[in-house]
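A.B. asks: Attaching a single structure in C-alpha cells format; questions to follow.
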Amino acid sequence: MDNIDLILKQIFATEASVFIIIGLLLLAVAEVGHRFGLRLHRTQDEPRTKQVEAVQSATLALMGLLLAFTFSMAVQRYDQRNRLVVDEANAIGTAYQRVAFLPDAMQADTKNLFRHYVALRLQRKQAANTAEGLAAHEVALAKIQQQLWDQAVVVERANPNSMLTSYTSALGAMFDGDSARLAATRNHVPGAVWLLLIFLTSTGCWLTSYRAGTLGRRSKLPLVSLPLLLTIVITLVSDLDRPNHGLVGLDETSLHDLQNTLGTATGDK
C-alpha cells in the first residue's frame with residue numbers, strides 16, 4: 001500500500017500534472033470506446049447494444065458513488081486540518097500568556113522563542129515544496145520546542161509551584177497540537193482508492209463513448225465534456241487532499257492573527 005501511495009505521489013506531483021495526465025487518459029479511452037462502438041453499430045446487433053446500455057448505467061452509478069465517497073474523504077481531512085490550525089494557534093497563545101509565570105529574567109528570551117516559532121510555523125507551506133525542505137522545517141520546529149521545554153524544566157526543578165506546572169501543561173498541549181497537525185498533514189486518501197477511482201472513471205468514459213458509438217453518433221458530451229468534467233472533479237479532490245500544494249490551501253488566519261498579537265505585545269513590527 002505504501003508503494004502505491006509513493007508511486008502515485010511521484011506521478012501526480014502537482015495539480016497541473018493531475019489535470020494533464022488524467023485528462024489525456026480519459027479523453028483517450030473515450031475516443032477508443034467510441035471507435036469500438038462504431039464497429040458494433042455496423043453489425044446492427046440490437047441485443048448486444050442493450051447489454052452495453054445496462055452495463056453503462058451500472059458503471060456510471062458506481063462511479064458516482066465512488067466520486068462522492070472520495071470527495072467526502074478529502075473534504076473531511078481538509079476540514080480537520082483547518083480545525084487543527086485553530087487549535088494549534090490557541091494552544092500557542094495560551095502557552096505564550098503563561099510565560100508570565102516564569103522568572104522575569106527569562107521572559108524576554110522565552111517570548112522571542114515563541115515569536116520565532118510562530119514565524120517558522122507559517123513558513124511550512126513554502127518548506128513543503130521539497131521533501132528536504134519539509135524535513136528541515138520540522139527539525140527546526142522541534143529544536144525550538146526542545147529549547148522551550150528545557151527552560152521550563154530547569155525553572156520548575158529550581159522552584160516547583162502550581163503556576164509553573166500550568167505553564168508546562170500549556171507547553172505540552174502546544175506540542176501535542178503540533179503533533180496532531182503533522183499527523184493530519186500526512187493523512188491522505190489511500191492510494192488504492194485513487195487507483196479504483198481512476199479505473200472506474202476510465203471505464204465510465206469508455207462505456208459512455210462506446211454507447212454513443214453504437215448509435216452511430218459522434219457527440220462532444222461523451223467524448224469531451226464528460227472526461228473534462230471528471231478530470232476537474234478529480235483534480236479538485238487531489239487539491240483538497242494536499243493542502244500544501246495547488247489552489248486550495250489551509251486557512252492559517254488564526255496563526256497570522258497570533259503572530260500580529262505577539263509582535264504587538266513585544267513591540268516588534
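Naming scheme: A, B, ... for chains in displayed order of the C-alpha cells; residues 1 onward per chain; ligands 1 onward as shown.
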Would you pick out the contacts of Glu15 (chain A) at 12 Å or less, using only C-alpha atoms, so that residues sharing its chain but fewer than 6 positions from it are not included, and give the list as number ranges by chain?

C.D. replies: A: 9, 21-23, 231-248

A.B. asks: Considering only C-alpha atoms, can you say which of A:Ser17, A:Gly191, A:Leu258, A:His34 comes closest to Arg218 (chain A)?

C.D. replies: A:His34

A.B. asks: Grab the CA of Thr110 (chain A) to CA of Gln145 (chain A) distance for me, in Å with one decimal place.

C.D. replies: 11.0 Å

A.B. asks: Which residues come within 9 Å of Leu66 (chain A), counting only C-alpha atoms, excluding same-chain residues fewer than 5 positions away, as number ranges by chain?

C.D. replies: A: 61, 71, 193, 196-197, 200

A.B. asks: Let's have the selection written as a PDB file, in the first residue's frame, with N, CA and C atoms.

C.D. replies:
```pdb
ATOM      1  N   ALA A  61     -23.295   4.637 -12.187  1.00  0.00           N
ATOM      2  CA  ALA A  61     -23.821   4.767 -10.824  1.00  0.00           C
ATOM      3  C   ALA A  61     -22.723   4.469  -9.801  1.00  0.00           C
ATOM      4  N   PHE A  71     -14.551  12.348  -2.574  1.00  0.00           N
ATOM      5  CA  PHE A  71     -14.658  13.779  -2.305  1.00  0.00           C
ATOM      6  C   PHE A  71     -14.953  14.034  -0.832  1.00  0.00           C
ATOM      7  N   VAL A 193      -7.685   3.722  -3.184  1.00  0.00           N
ATOM      8  CA  VAL A 193      -8.923   4.421  -3.548  1.00  0.00           C
ATOM      9  C   VAL A 193      -8.704   5.241  -4.811  1.00  0.00           C
ATOM     10  N   LEU A 196      -8.688   2.870  -7.801  1.00  0.00           N
ATOM     11  CA  LEU A 196     -10.050   2.437  -8.127  1.00  0.00           C
ATOM     12  C   LEU A 196     -10.837   3.567  -8.776  1.00  0.00           C
ATOM     13  N   LEU A 197     -10.649   4.794  -8.289  1.00  0.00           N
ATOM     14  CA  LEU A 197     -11.352   5.937  -8.863  1.00  0.00           C
ATOM     15  C   LEU A 197     -10.929   6.172 -10.317  1.00  0.00           C
ATOM     16  N   LEU A 200     -12.449   3.348 -12.478  1.00  0.00           N
ATOM     17  CA  LEU A 200     -13.894   3.480 -12.706  1.00  0.00           C
ATOM     18  C   LEU A 200     -14.227   4.662 -13.613  1.00  0.00           C
TER      19      LEU A 200
END
```

A.B. asks: Between A:Ser209, A:Asn82, A:Thr168, A:Thr214, which residue has the minimum interatomic distance to Leu226 (chain A), considering only C-alpha atoms?

C.D. replies: A:Ser209
